[in-house]
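Structure file start_7.txt (compact mmCIF, N, CA, C and O atoms) follows.
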```
# COMPACT_ATOMS: atom_id res chain seq x y z
N MET S 1 0.83 -1.19 0.00
CA MET S 1 0.00 0.00 0.00
C MET S 1 0.87 1.26 0.00
O MET S 1 0.58 2.21 -0.69
N LYS S 2 1.96 1.22 0.78
CA LYS S 2 2.82 2.38 0.88
C LYS S 2 3.45 2.72 -0.47
O LYS S 2 3.55 3.89 -0.84
N SER S 3 3.82 1.69 -1.23
CA SER S 3 4.46 1.95 -2.52
C SER S 3 3.48 2.57 -3.51
O SER S 3 3.86 3.40 -4.34
N LYS S 4 2.19 2.18 -3.44
CA LYS S 4 1.19 2.77 -4.33
C LYS S 4 0.95 4.23 -3.98
O LYS S 4 0.81 5.07 -4.87
N LEU S 5 0.89 4.55 -2.70
CA LEU S 5 0.72 5.95 -2.29
C LEU S 5 1.95 6.77 -2.66
O LEU S 5 1.82 7.91 -3.10
N GLN S 6 3.11 6.18 -2.50
CA GLN S 6 4.33 6.90 -2.85
C GLN S 6 4.41 7.11 -4.37
O GLN S 6 4.84 8.17 -4.82
N ALA S 7 3.95 6.13 -5.14
CA ALA S 7 3.93 6.28 -6.59
C ALA S 7 2.97 7.40 -7.00
O ALA S 7 3.28 8.20 -7.88
N LEU S 8 1.81 7.47 -6.35
CA LEU S 8 0.85 8.55 -6.62
C LEU S 8 1.46 9.89 -6.24
O LEU S 8 1.37 10.86 -6.99
N TRP S 9 2.08 9.95 -5.08
CA TRP S 9 2.67 11.20 -4.60
C TRP S 9 3.75 11.72 -5.55
O TRP S 9 3.85 12.91 -5.80
N ASN S 10 4.54 10.81 -6.10
CA ASN S 10 5.65 11.20 -6.98
C ASN S 10 5.29 11.22 -8.46
O ASN S 10 6.15 11.49 -9.29
N HIS S 11 4.06 10.94 -8.80
CA HIS S 11 3.63 10.92 -10.20
C HIS S 11 3.73 12.33 -10.79
O HIS S 11 3.51 13.32 -10.09
N PRO S 12 4.06 12.46 -12.10
CA PRO S 12 4.15 13.79 -12.73
C PRO S 12 2.83 14.58 -12.68
O PRO S 12 2.85 15.80 -12.80
N ALA S 13 1.71 13.91 -12.51
CA ALA S 13 0.43 14.59 -12.36
C ALA S 13 -0.13 14.34 -10.96
O ALA S 13 -1.33 14.33 -10.74
N GLY S 14 0.76 14.14 -10.00
CA GLY S 14 0.35 13.83 -8.63
C GLY S 14 0.08 15.08 -7.80
O GLY S 14 0.14 16.21 -8.29
N PRO S 15 -0.22 14.87 -6.51
CA PRO S 15 -0.63 15.97 -5.62
C PRO S 15 0.42 17.07 -5.41
O PRO S 15 0.09 18.12 -4.89
N LYS S 16 1.66 16.83 -5.81
CA LYS S 16 2.68 17.87 -5.66
C LYS S 16 2.67 18.85 -6.84
O LYS S 16 3.47 19.77 -6.87
N THR S 17 1.75 18.66 -7.79
CA THR S 17 1.75 19.50 -8.99
C THR S 17 0.39 20.16 -9.21
O THR S 17 -0.63 19.71 -8.68
N ILE S 18 0.39 21.19 -10.03
CA ILE S 18 -0.86 21.86 -10.41
C ILE S 18 -1.71 20.94 -11.27
O ILE S 18 -2.93 21.08 -11.33
N HIS S 19 -1.07 19.98 -11.91
CA HIS S 19 -1.79 19.06 -12.80
C HIS S 19 -2.76 18.17 -12.02
O HIS S 19 -3.65 17.57 -12.60
N PHE S 20 -2.59 18.09 -10.74
CA PHE S 20 -3.51 17.36 -9.87
C PHE S 20 -4.58 18.29 -9.31
O PHE S 20 -5.77 17.98 -9.34
N TRP S 21 -4.16 19.44 -8.79
CA TRP S 21 -5.08 20.30 -8.06
C TRP S 21 -6.05 21.06 -8.94
O TRP S 21 -7.20 21.27 -8.55
N ALA S 22 -5.63 21.47 -10.13
CA ALA S 22 -6.55 22.21 -11.01
C ALA S 22 -7.78 21.37 -11.36
O ALA S 22 -8.91 21.82 -11.18
N PRO S 23 -7.61 20.13 -11.87
CA PRO S 23 -8.81 19.34 -12.15
C PRO S 23 -9.59 18.95 -10.90
O PRO S 23 -10.81 18.83 -10.95
N THR S 24 -8.89 18.79 -9.79
CA THR S 24 -9.59 18.43 -8.55
C THR S 24 -10.57 19.53 -8.15
O THR S 24 -11.71 19.26 -7.81
N PHE S 25 -10.13 20.78 -8.23
CA PHE S 25 -11.03 21.88 -7.90
C PHE S 25 -12.06 22.11 -8.99
O PHE S 25 -13.14 22.63 -8.74
N LYS S 26 -11.74 21.73 -10.23
CA LYS S 26 -12.69 21.89 -11.33
C LYS S 26 -13.91 20.99 -11.15
O LYS S 26 -14.96 21.24 -11.73
N TRP S 27 -13.80 19.94 -10.34
CA TRP S 27 -14.95 19.09 -10.05
C TRP S 27 -16.09 19.90 -9.45
O TRP S 27 -17.25 19.52 -9.56
N GLY S 28 -15.77 21.03 -8.84
CA GLY S 28 -16.81 21.89 -8.27
C GLY S 28 -17.80 22.36 -9.32
O GLY S 28 -18.99 22.49 -9.05
N LEU S 29 -17.33 22.62 -10.55
CA LEU S 29 -18.23 23.03 -11.63
C LEU S 29 -19.20 21.91 -11.99
O LEU S 29 -20.40 22.15 -12.19
N SER S 30 -18.69 20.69 -12.07
CA SER S 30 -19.56 19.56 -12.40
C SER S 30 -20.56 19.29 -11.28
O SER S 30 -21.73 19.00 -11.54
N ILE S 31 -20.09 19.40 -10.06
CA ILE S 31 -20.98 19.18 -8.91
C ILE S 31 -22.07 20.25 -8.89
O ILE S 31 -23.25 19.96 -8.64
N ALA S 32 -21.71 21.50 -9.18
CA ALA S 32 -22.71 22.57 -9.23
C ALA S 32 -23.71 22.32 -10.34
O ALA S 32 -24.92 22.57 -10.17
N ASN S 33 -23.24 21.83 -11.48
CA ASN S 33 -24.15 21.55 -12.58
C ASN S 33 -25.09 20.40 -12.24
O ASN S 33 -26.26 20.42 -12.60
N VAL S 34 -24.59 19.40 -11.53
CA VAL S 34 -25.44 18.29 -11.09
C VAL S 34 -26.49 18.80 -10.10
O VAL S 34 -27.65 18.38 -10.14
N SER S 35 -26.10 19.72 -9.24
CA SER S 35 -27.08 20.26 -8.27
C SER S 35 -28.17 21.06 -8.98
O SER S 35 -29.27 21.21 -8.45
N ASP S 36 -27.87 21.55 -10.19
CA ASP S 36 -28.89 22.28 -10.97
C ASP S 36 -29.88 21.35 -11.66
O ASP S 36 -30.84 21.82 -12.27
N PHE S 37 -29.68 20.03 -11.58
CA PHE S 37 -30.63 19.09 -12.19
C PHE S 37 -32.02 19.25 -11.58
O PHE S 37 -33.02 18.98 -12.23
N SER S 38 -32.09 19.71 -10.34
CA SER S 38 -33.38 19.86 -9.67
C SER S 38 -34.04 21.21 -9.98
O SER S 38 -35.20 21.41 -9.64
N LYS S 39 -33.32 22.12 -10.62
CA LYS S 39 -33.89 23.42 -10.95
C LYS S 39 -34.83 23.30 -12.14
O LYS S 39 -34.66 22.43 -12.99
N PRO S 40 -35.81 24.18 -12.23
CA PRO S 40 -36.69 24.17 -13.40
C PRO S 40 -35.89 24.50 -14.66
O PRO S 40 -35.00 25.35 -14.62
N PRO S 41 -36.19 23.84 -15.78
CA PRO S 41 -35.40 24.07 -17.00
C PRO S 41 -35.46 25.49 -17.53
O PRO S 41 -34.54 25.93 -18.21
N GLU S 42 -36.51 26.22 -17.21
CA GLU S 42 -36.58 27.59 -17.73
C GLU S 42 -35.52 28.50 -17.11
O GLU S 42 -35.25 29.58 -17.64
N THR S 43 -34.94 28.09 -15.99
CA THR S 43 -33.89 28.91 -15.37
C THR S 43 -32.50 28.63 -15.94
O THR S 43 -31.56 29.32 -15.61
N LEU S 44 -32.38 27.61 -16.79
CA LEU S 44 -31.09 27.26 -17.37
C LEU S 44 -30.73 28.22 -18.49
O LEU S 44 -31.59 28.80 -19.13
N SER S 45 -29.44 28.37 -18.72
CA SER S 45 -28.94 29.29 -19.74
C SER S 45 -28.31 28.50 -20.89
O SER S 45 -27.42 27.67 -20.67
N TYR S 46 -28.77 28.77 -22.11
CA TYR S 46 -28.18 28.11 -23.28
C TYR S 46 -26.68 28.42 -23.40
O TYR S 46 -25.88 27.49 -23.55
N PRO S 47 -26.27 29.69 -23.34
CA PRO S 47 -24.84 29.97 -23.50
C PRO S 47 -23.97 29.30 -22.42
O PRO S 47 -22.92 28.75 -22.72
N GLN S 48 -24.42 29.34 -21.18
CA GLN S 48 -23.64 28.76 -20.10
C GLN S 48 -23.47 27.25 -20.29
O GLN S 48 -22.38 26.72 -20.19
N GLN S 49 -24.57 26.56 -20.58
CA GLN S 49 -24.50 25.11 -20.73
C GLN S 49 -23.75 24.71 -22.00
O GLN S 49 -23.05 23.69 -22.02
N ALA S 50 -23.86 25.52 -23.05
CA ALA S 50 -23.10 25.24 -24.27
C ALA S 50 -21.61 25.36 -24.02
O ALA S 50 -20.81 24.54 -24.50
N VAL S 51 -21.21 26.37 -23.26
CA VAL S 51 -19.80 26.55 -22.93
C VAL S 51 -19.30 25.41 -22.05
O VAL S 51 -18.20 24.89 -22.26
N ILE S 52 -20.09 25.00 -21.08
CA ILE S 52 -19.68 23.89 -20.20
C ILE S 52 -19.51 22.62 -21.02
O ILE S 52 -18.51 21.91 -20.87
N ALA S 53 -20.46 22.32 -21.89
CA ALA S 53 -20.39 21.10 -22.70
C ALA S 53 -19.22 21.15 -23.68
O ALA S 53 -18.45 20.19 -23.80
N THR S 54 -19.06 22.27 -24.37
CA THR S 54 -17.99 22.40 -25.36
C THR S 54 -16.62 22.37 -24.69
O THR S 54 -15.70 21.70 -25.18
N SER S 55 -16.49 23.06 -23.59
CA SER S 55 -15.23 23.04 -22.85
C SER S 55 -14.88 21.62 -22.40
O SER S 55 -13.73 21.19 -22.50
N GLY S 56 -15.88 20.90 -21.93
CA GLY S 56 -15.65 19.52 -21.51
C GLY S 56 -15.15 18.64 -22.64
O GLY S 56 -14.23 17.84 -22.47
N VAL S 57 -15.74 18.79 -23.83
CA VAL S 57 -15.33 17.99 -24.99
C VAL S 57 -13.91 18.35 -25.42
O VAL S 57 -13.06 17.47 -25.64
N ILE S 58 -13.63 19.64 -25.54
CA ILE S 58 -12.31 20.08 -26.00
C ILE S 58 -11.21 19.63 -25.04
O ILE S 58 -10.20 19.06 -25.44
N TRP S 59 -11.40 19.87 -23.76
CA TRP S 59 -10.35 19.54 -22.79
C TRP S 59 -10.26 18.04 -22.52
O TRP S 59 -9.20 17.56 -22.13
N SER S 60 -11.34 17.29 -22.76
CA SER S 60 -11.24 15.83 -22.65
C SER S 60 -10.28 15.30 -23.71
O SER S 60 -9.49 14.38 -23.45
N ARG S 61 -10.34 15.86 -24.89
CA ARG S 61 -9.41 15.46 -25.95
C ARG S 61 -7.98 15.86 -25.60
O ARG S 61 -7.03 15.11 -25.80
N TYR S 62 -7.82 17.04 -25.06
CA TYR S 62 -6.49 17.55 -24.71
C TYR S 62 -5.80 16.68 -23.67
O TYR S 62 -4.57 16.58 -23.66
N CYS S 63 -6.55 16.03 -22.80
CA CYS S 63 -5.97 15.19 -21.74
C CYS S 63 -5.10 14.08 -22.30
O CYS S 63 -4.21 13.59 -21.62
N PHE S 64 -5.38 13.67 -23.53
CA PHE S 64 -4.60 12.58 -24.12
C PHE S 64 -3.55 13.07 -25.10
O PHE S 64 -2.82 12.29 -25.68
N VAL S 65 -3.46 14.39 -25.27
CA VAL S 65 -2.42 14.97 -26.11
C VAL S 65 -1.20 15.29 -25.25
O VAL S 65 -0.06 15.17 -25.71
N ILE S 66 -1.43 15.70 -24.02
CA ILE S 66 -0.33 16.05 -23.13
C ILE S 66 0.32 14.80 -22.54
O ILE S 66 -0.26 13.72 -22.54
N THR S 67 1.54 14.97 -22.07
CA THR S 67 2.25 13.89 -21.40
C THR S 67 2.59 14.37 -20.00
O THR S 67 3.13 15.48 -19.85
N PRO S 68 2.31 13.61 -18.97
CA PRO S 68 1.63 12.32 -18.95
C PRO S 68 0.12 12.50 -19.07
O PRO S 68 -0.40 13.59 -18.81
N TRP S 69 -0.53 11.44 -19.47
CA TRP S 69 -1.98 11.48 -19.53
C TRP S 69 -2.52 11.81 -18.15
O TRP S 69 -2.11 11.23 -17.15
N ASN S 70 -3.48 12.71 -18.10
CA ASN S 70 -4.03 13.14 -16.83
C ASN S 70 -5.47 12.63 -16.73
O ASN S 70 -6.39 13.23 -17.26
N TRP S 71 -5.64 11.51 -16.03
CA TRP S 71 -6.94 10.87 -15.94
C TRP S 71 -7.92 11.68 -15.09
O TRP S 71 -9.13 11.65 -15.32
N ASN S 72 -7.41 12.39 -14.10
CA ASN S 72 -8.28 13.24 -13.28
C ASN S 72 -8.87 14.36 -14.15
O ASN S 72 -10.07 14.65 -14.08
N LEU S 73 -8.04 14.96 -14.99
CA LEU S 73 -8.51 16.00 -15.90
C LEU S 73 -9.50 15.44 -16.91
O LEU S 73 -10.51 16.06 -17.23
N PHE S 74 -9.24 14.24 -17.41
CA PHE S 74 -10.17 13.60 -18.34
C PHE S 74 -11.52 13.33 -17.67
O PHE S 74 -12.58 13.60 -18.24
N GLY S 75 -11.48 12.83 -16.45
CA GLY S 75 -12.73 12.52 -15.73
C GLY S 75 -13.57 13.75 -15.49
O GLY S 75 -14.79 13.75 -15.73
N VAL S 76 -12.94 14.83 -15.03
CA VAL S 76 -13.72 16.04 -14.73
C VAL S 76 -14.26 16.66 -16.01
O VAL S 76 -15.40 17.15 -16.04
N ASN S 77 -13.50 16.65 -17.09
CA ASN S 77 -13.98 17.24 -18.33
C ASN S 77 -15.06 16.38 -18.98
O ASN S 77 -15.99 16.91 -19.59
N SER S 78 -14.97 15.10 -18.85
CA SER S 78 -16.04 14.22 -19.35
C SER S 78 -17.32 14.47 -18.58
O SER S 78 -18.41 14.54 -19.16
N ALA S 79 -17.19 14.64 -17.27
CA ALA S 79 -18.37 14.94 -16.44
C ALA S 79 -18.96 16.29 -16.83
O ALA S 79 -20.19 16.44 -16.90
N MET S 80 -18.10 17.27 -17.10
CA MET S 80 -18.60 18.58 -17.52
C MET S 80 -19.36 18.48 -18.84
O MET S 80 -20.43 19.07 -19.00
N ALA S 81 -18.80 17.73 -19.80
CA ALA S 81 -19.47 17.57 -21.10
C ALA S 81 -20.82 16.89 -20.92
O ALA S 81 -21.83 17.34 -21.46
N CYS S 82 -20.84 15.82 -20.14
CA CYS S 82 -22.10 15.07 -19.95
C CYS S 82 -23.16 15.92 -19.26
O CYS S 82 -24.32 15.94 -19.70
N THR S 83 -22.77 16.61 -18.19
CA THR S 83 -23.77 17.41 -17.48
C THR S 83 -24.22 18.60 -18.33
O THR S 83 -25.39 18.96 -18.31
N GLY S 84 -23.31 19.19 -19.10
CA GLY S 84 -23.69 20.30 -19.97
C GLY S 84 -24.67 19.87 -21.05
O GLY S 84 -25.66 20.55 -21.31
N PHE S 85 -24.38 18.72 -21.70
CA PHE S 85 -25.29 18.23 -22.73
C PHE S 85 -26.63 17.82 -22.14
O PHE S 85 -27.68 18.04 -22.75
N TYR S 86 -26.61 17.25 -20.94
CA TYR S 86 -27.88 16.87 -20.30
C TYR S 86 -28.72 18.12 -20.01
O TYR S 86 -29.93 18.13 -20.26
N GLN S 87 -28.08 19.16 -19.49
CA GLN S 87 -28.81 20.39 -19.18
C GLN S 87 -29.34 21.05 -20.46
O GLN S 87 -30.46 21.57 -20.48
N LEU S 88 -28.54 21.01 -21.54
CA LEU S 88 -29.02 21.55 -22.82
C LEU S 88 -30.24 20.76 -23.31
O LEU S 88 -31.20 21.35 -23.81
N ALA S 89 -30.20 19.45 -23.17
CA ALA S 89 -31.33 18.62 -23.58
C ALA S 89 -32.58 18.95 -22.77
O ALA S 89 -33.68 19.05 -23.32
N ARG S 90 -32.41 19.14 -21.47
CA ARG S 90 -33.55 19.53 -20.63
C ARG S 90 -34.14 20.86 -21.08
O ARG S 90 -35.36 21.01 -21.18
N LYS S 91 -33.27 21.83 -21.35
CA LYS S 91 -33.72 23.16 -21.77
C LYS S 91 -34.42 23.09 -23.13
O LYS S 91 -35.49 23.68 -23.31
N LEU S 92 -33.83 22.37 -24.08
CA LEU S 92 -34.45 22.23 -25.40
C LEU S 92 -35.80 21.53 -25.31
O LEU S 92 -36.76 21.93 -25.96
N ARG S 93 -35.87 20.46 -24.53
CA ARG S 93 -37.12 19.73 -24.36
C ARG S 93 -38.19 20.64 -23.77
O ARG S 93 -39.34 20.62 -24.19
N HIS S 94 -37.80 21.45 -22.81
CA HIS S 94 -38.76 22.36 -22.18
C HIS S 94 -39.21 23.44 -23.16
O HIS S 94 -40.40 23.75 -23.25
N ASP S 95 -38.26 24.03 -23.88
CA ASP S 95 -38.58 25.16 -24.75
C ASP S 95 -39.30 24.77 -26.04
O ASP S 95 -40.10 25.55 -26.55
N TYR S 96 -39.01 23.60 -26.57
CA TYR S 96 -39.54 23.26 -27.89
C TYR S 96 -40.48 22.05 -27.93
O TYR S 96 -41.20 21.89 -28.89
N TYR S 97 -40.45 21.23 -26.90
CA TYR S 97 -41.26 20.01 -26.95
C TYR S 97 -42.22 19.86 -25.78
O TYR S 97 -42.82 18.80 -25.62
N SER S 98 -42.36 20.89 -24.97
CA SER S 98 -43.27 20.77 -23.83
C SER S 98 -44.71 20.87 -24.30
O SER S 98 -45.02 21.38 -25.37
N ALA S 99 -45.63 20.40 -23.49
CA ALA S 99 -47.06 20.39 -23.85
C ALA S 99 -47.62 21.80 -23.96
O ALA S 99 -48.53 22.04 -24.74
N GLU S 100 -47.09 22.71 -23.17
CA GLU S 100 -47.57 24.08 -23.18
C GLU S 100 -46.72 24.88 -24.15
O GLU S 100 -45.69 25.40 -23.82
N SER S 101 -47.18 25.00 -25.38
CA SER S 101 -46.40 25.76 -26.37
C SER S 101 -46.80 27.23 -26.33
O SER S 101 -47.95 27.56 -26.11
N PRO S 102 -45.85 28.14 -26.56
CA PRO S 102 -46.18 29.57 -26.55
C PRO S 102 -47.19 29.94 -27.64
O PRO S 102 -47.96 30.86 -27.45
N ALA S 103 -47.21 29.24 -28.76
CA ALA S 103 -48.17 29.55 -29.83
C ALA S 103 -49.60 29.32 -29.37
O ALA S 103 -50.52 30.04 -29.75
N ALA S 104 -49.83 28.33 -28.54
CA ALA S 104 -51.16 28.04 -28.04
C ALA S 104 -51.65 29.16 -27.11
O ALA S 104 -52.83 29.50 -27.08
N ASP S 105 -50.73 29.78 -26.38
CA ASP S 105 -51.10 30.86 -25.48
C ASP S 105 -51.50 32.12 -26.25
O ASP S 105 -52.33 32.89 -25.81
N MET S 106 -50.92 32.35 -27.42
CA MET S 106 -51.20 33.55 -28.19
C MET S 106 -52.53 33.48 -28.93
O MET S 106 -53.08 34.48 -29.32
N SER S 107 -53.06 32.29 -29.15
CA SER S 107 -54.29 32.14 -29.91
C SER S 107 -55.53 32.50 -29.09
O SER S 107 -56.60 32.59 -29.64
N ASP S 108 -55.39 32.68 -27.79
CA ASP S 108 -56.56 33.00 -26.95
C ASP S 108 -57.04 34.40 -27.14
O ASP S 108 -56.52 35.35 -27.34
```
What does the file become when written as structure tokens?
Amino acid sequence: MKSKLQALWNHPAGPKTIHFWAPTFKWGLSIANVSDFSKPPETLSYPQQAVIATSGVIWSRYCFVITPWNWNLFGVNSAMACTGFYQLARKLRHDYYSAESPAADMSD
């Protein structure tokens, strides 16, 4: 067990480097986005969720271009992409496919 912890500690993307701490704190964005799953979809922002999803996709790819591969960075960016796309889907479903369409309200 000690050798595994020592290997993690001395890894080029380990806790002694920014390559560990930056993605670790970035998990806060994904956690905040998950906490927004309970919010009504009309409060969601298209630009914000598009940026979160796009950023997640771009940086997930970048994780495998750099050396050493940073799995923590890949995990957090994948989570950002997934939560961003999920929130966009919720917003689109609410705005364009809900039972209460704005056109029906105007015909009264």
Practice prompt. Please identify all polymer residues within 7 Å of range 18-23 of chain S, counting only N, CA, C and O atoms, omitting same-chain residues fewer than 3 positions from it, and present them as an MDAnalysis selection string.
Written response: chainID S and resid 12:15 26:28 70 72:73 76
Worksheet item: At what distance in Å, to one decimal, does CA of Ser60 in chain S lie from CA of Gly75 in chain S?
Response: 7.8 Å
Practice prompt. Based on DSSP run over this structure's backbone, return all residues of chain S in alpha helix (DSSP H), as a ChimeraX atom specification.
Written response: /S:2-10,18-35,46-62,71-97,102-106
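In this model, the gap between CA of Trp9 in chain S and atom O of Val57 in chain S comes to 27.0 Å.
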Item to complete: Find the residue from S:Trp71, S:Ile66, S:Met80, S:Arg61 that sits nearest to Gln48 in chain S; use all atoms listed in the file when measuring.
Response: S:Met80
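For the choices S:Phe64, S:Lys91, S:Lys16, S:Phe25, the atom-to-atom distance to Glu42 in chain S is smallest for S:Lys91 when using only N, CA, C and O atoms.
Among S:Tyr96, S:Phe85, S:Phe37, S:Phe74, the residue with the shortest atom-to-atom distance to Ala53 in chain S, counting all atoms listed in the file, is S:Phe85.
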Worksheet item: Between CA of Ser3 in chain S and CA of Thr24 in chain S, what is the spacing in Å?
Response: 22.5 Å
Please put the answer as JSON: centre and edge lengths, in Å with one decimal, of a box along x, y and z that encloses all listed atoms of range 21-34 of chain S plus 6 Å on each side.
```
{"center_x": -15.9, "center_y": 20.7, "center_z": -10.2, "size_x": 35.5, "size_y": 16.7, "size_z": 16.8}
```
Practice prompt. Considering all atoms listed in the file, state which residue in the set S:Ser30, S:Tyr62, S:Lys39, S:Trp69 is at the smallest distance from Gly84 in chain S.
Written response: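 Checking each of S:Ser30, S:Tyr62, S:Lys39, S:Trp69 against Gly84 in chain S, counting all atoms listed in the file, the winner is S:Ser30.
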Worksheet, complete the sentence: Judged by all atoms listed in the file, the minimum distance to Trp59 in chain S among S:Asn33, S:Asn77, S:Thr17, S:Leu5 is found for S:Asn77
Taking all heavy atoms as the atom set, what does range 46-54 of chain S look like once completed, written as a CSV table (one decimal), in the frame of the given file?
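Output (selection35.csv):
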```
chain,number,residue,atom,x,y,z
S,46,TYR,N,-28.8,28.8,-22.1
S,46,TYR,CA,-28.2,28.1,-23.3
S,46,TYR,C,-26.7,28.4,-23.4
S,46,TYR,O,-25.9,27.5,-23.6
S,46,TYR,CB,-28.9,28.5,-24.6
S,46,TYR,CG,-30.2,27.9,-24.8
S,46,TYR,CD1,-31.4,28.6,-24.8
S,46,TYR,CD2,-30.3,26.5,-25.0
S,46,TYR,CE1,-32.6,28.0,-25.1
S,46,TYR,CE2,-31.5,25.9,-25.2
S,46,TYR,CZ,-32.7,26.6,-25.3
S,46,TYR,OH,-33.9,26.0,-25.5
S,47,PRO,N,-26.3,29.7,-23.3
S,47,PRO,CA,-24.8,30.0,-23.5
S,47,PRO,C,-24.0,29.3,-22.4
S,47,PRO,O,-22.9,28.8,-22.7
S,47,PRO,CB,-24.7,31.5,-23.4
S,47,PRO,CG,-26.1,32.0,-23.8
S,47,PRO,CD,-27.1,30.9,-23.3
S,48,GLN,N,-24.4,29.3,-21.2
S,48,GLN,CA,-23.6,28.8,-20.1
S,48,GLN,C,-23.5,27.2,-20.3
S,48,GLN,O,-22.4,26.7,-20.2
S,48,GLN,CB,-24.3,29.0,-18.7
S,48,GLN,CG,-23.5,28.4,-17.6
S,48,GLN,CD,-24.2,28.6,-16.3
S,48,GLN,OE1,-25.4,29.0,-16.2
S,48,GLN,NE2,-23.5,28.3,-15.2
S,49,GLN,N,-24.6,26.6,-20.6
S,49,GLN,CA,-24.5,25.1,-20.7
S,49,GLN,C,-23.8,24.7,-22.0
S,49,GLN,O,-23.0,23.7,-22.0
S,49,GLN,CB,-25.9,24.5,-20.7
S,49,GLN,CG,-26.6,24.7,-19.4
S,49,GLN,CD,-25.8,24.2,-18.2
S,49,GLN,OE1,-25.2,23.2,-18.3
S,49,GLN,NE2,-25.9,24.9,-17.1
S,50,ALA,N,-23.9,25.5,-23.0
S,50,ALA,CA,-23.1,25.2,-24.3
S,50,ALA,C,-21.6,25.4,-24.0
S,50,ALA,O,-20.8,24.5,-24.5
S,50,ALA,CB,-23.5,26.2,-25.4
S,51,VAL,N,-21.2,26.4,-23.3
S,51,VAL,CA,-19.8,26.6,-22.9
S,51,VAL,C,-19.3,25.4,-22.0
S,51,VAL,O,-18.2,24.9,-22.3
S,51,VAL,CB,-19.6,27.9,-22.3
S,51,VAL,CG1,-18.2,28.0,-21.6
S,51,VAL,CG2,-19.7,29.0,-23.3
S,52,ILE,N,-20.1,25.0,-21.1
S,52,ILE,CA,-19.7,23.9,-20.2
S,52,ILE,C,-19.5,22.6,-21.0
S,52,ILE,O,-18.5,21.9,-20.9
S,52,ILE,CB,-20.7,23.7,-19.1
S,52,ILE,CG1,-20.6,24.9,-18.1
S,52,ILE,CG2,-20.5,22.4,-18.4
S,52,ILE,CD1,-21.6,24.9,-17.0
S,53,ALA,N,-20.5,22.3,-21.9
S,53,ALA,CA,-20.4,21.1,-22.7
S,53,ALA,C,-19.2,21.2,-23.7
S,53,ALA,O,-18.4,20.2,-23.8
S,53,ALA,CB,-21.7,20.9,-23.5
S,54,THR,N,-19.1,22.3,-24.4
S,54,THR,CA,-18.0,22.4,-25.4
S,54,THR,C,-16.6,22.4,-24.7
S,54,THR,O,-15.7,21.7,-25.2
S,54,THR,CB,-18.2,23.7,-26.2
S,54,THR,OG1,-19.5,23.7,-26.7
S,54,THR,CG2,-17.1,23.8,-27.2
```
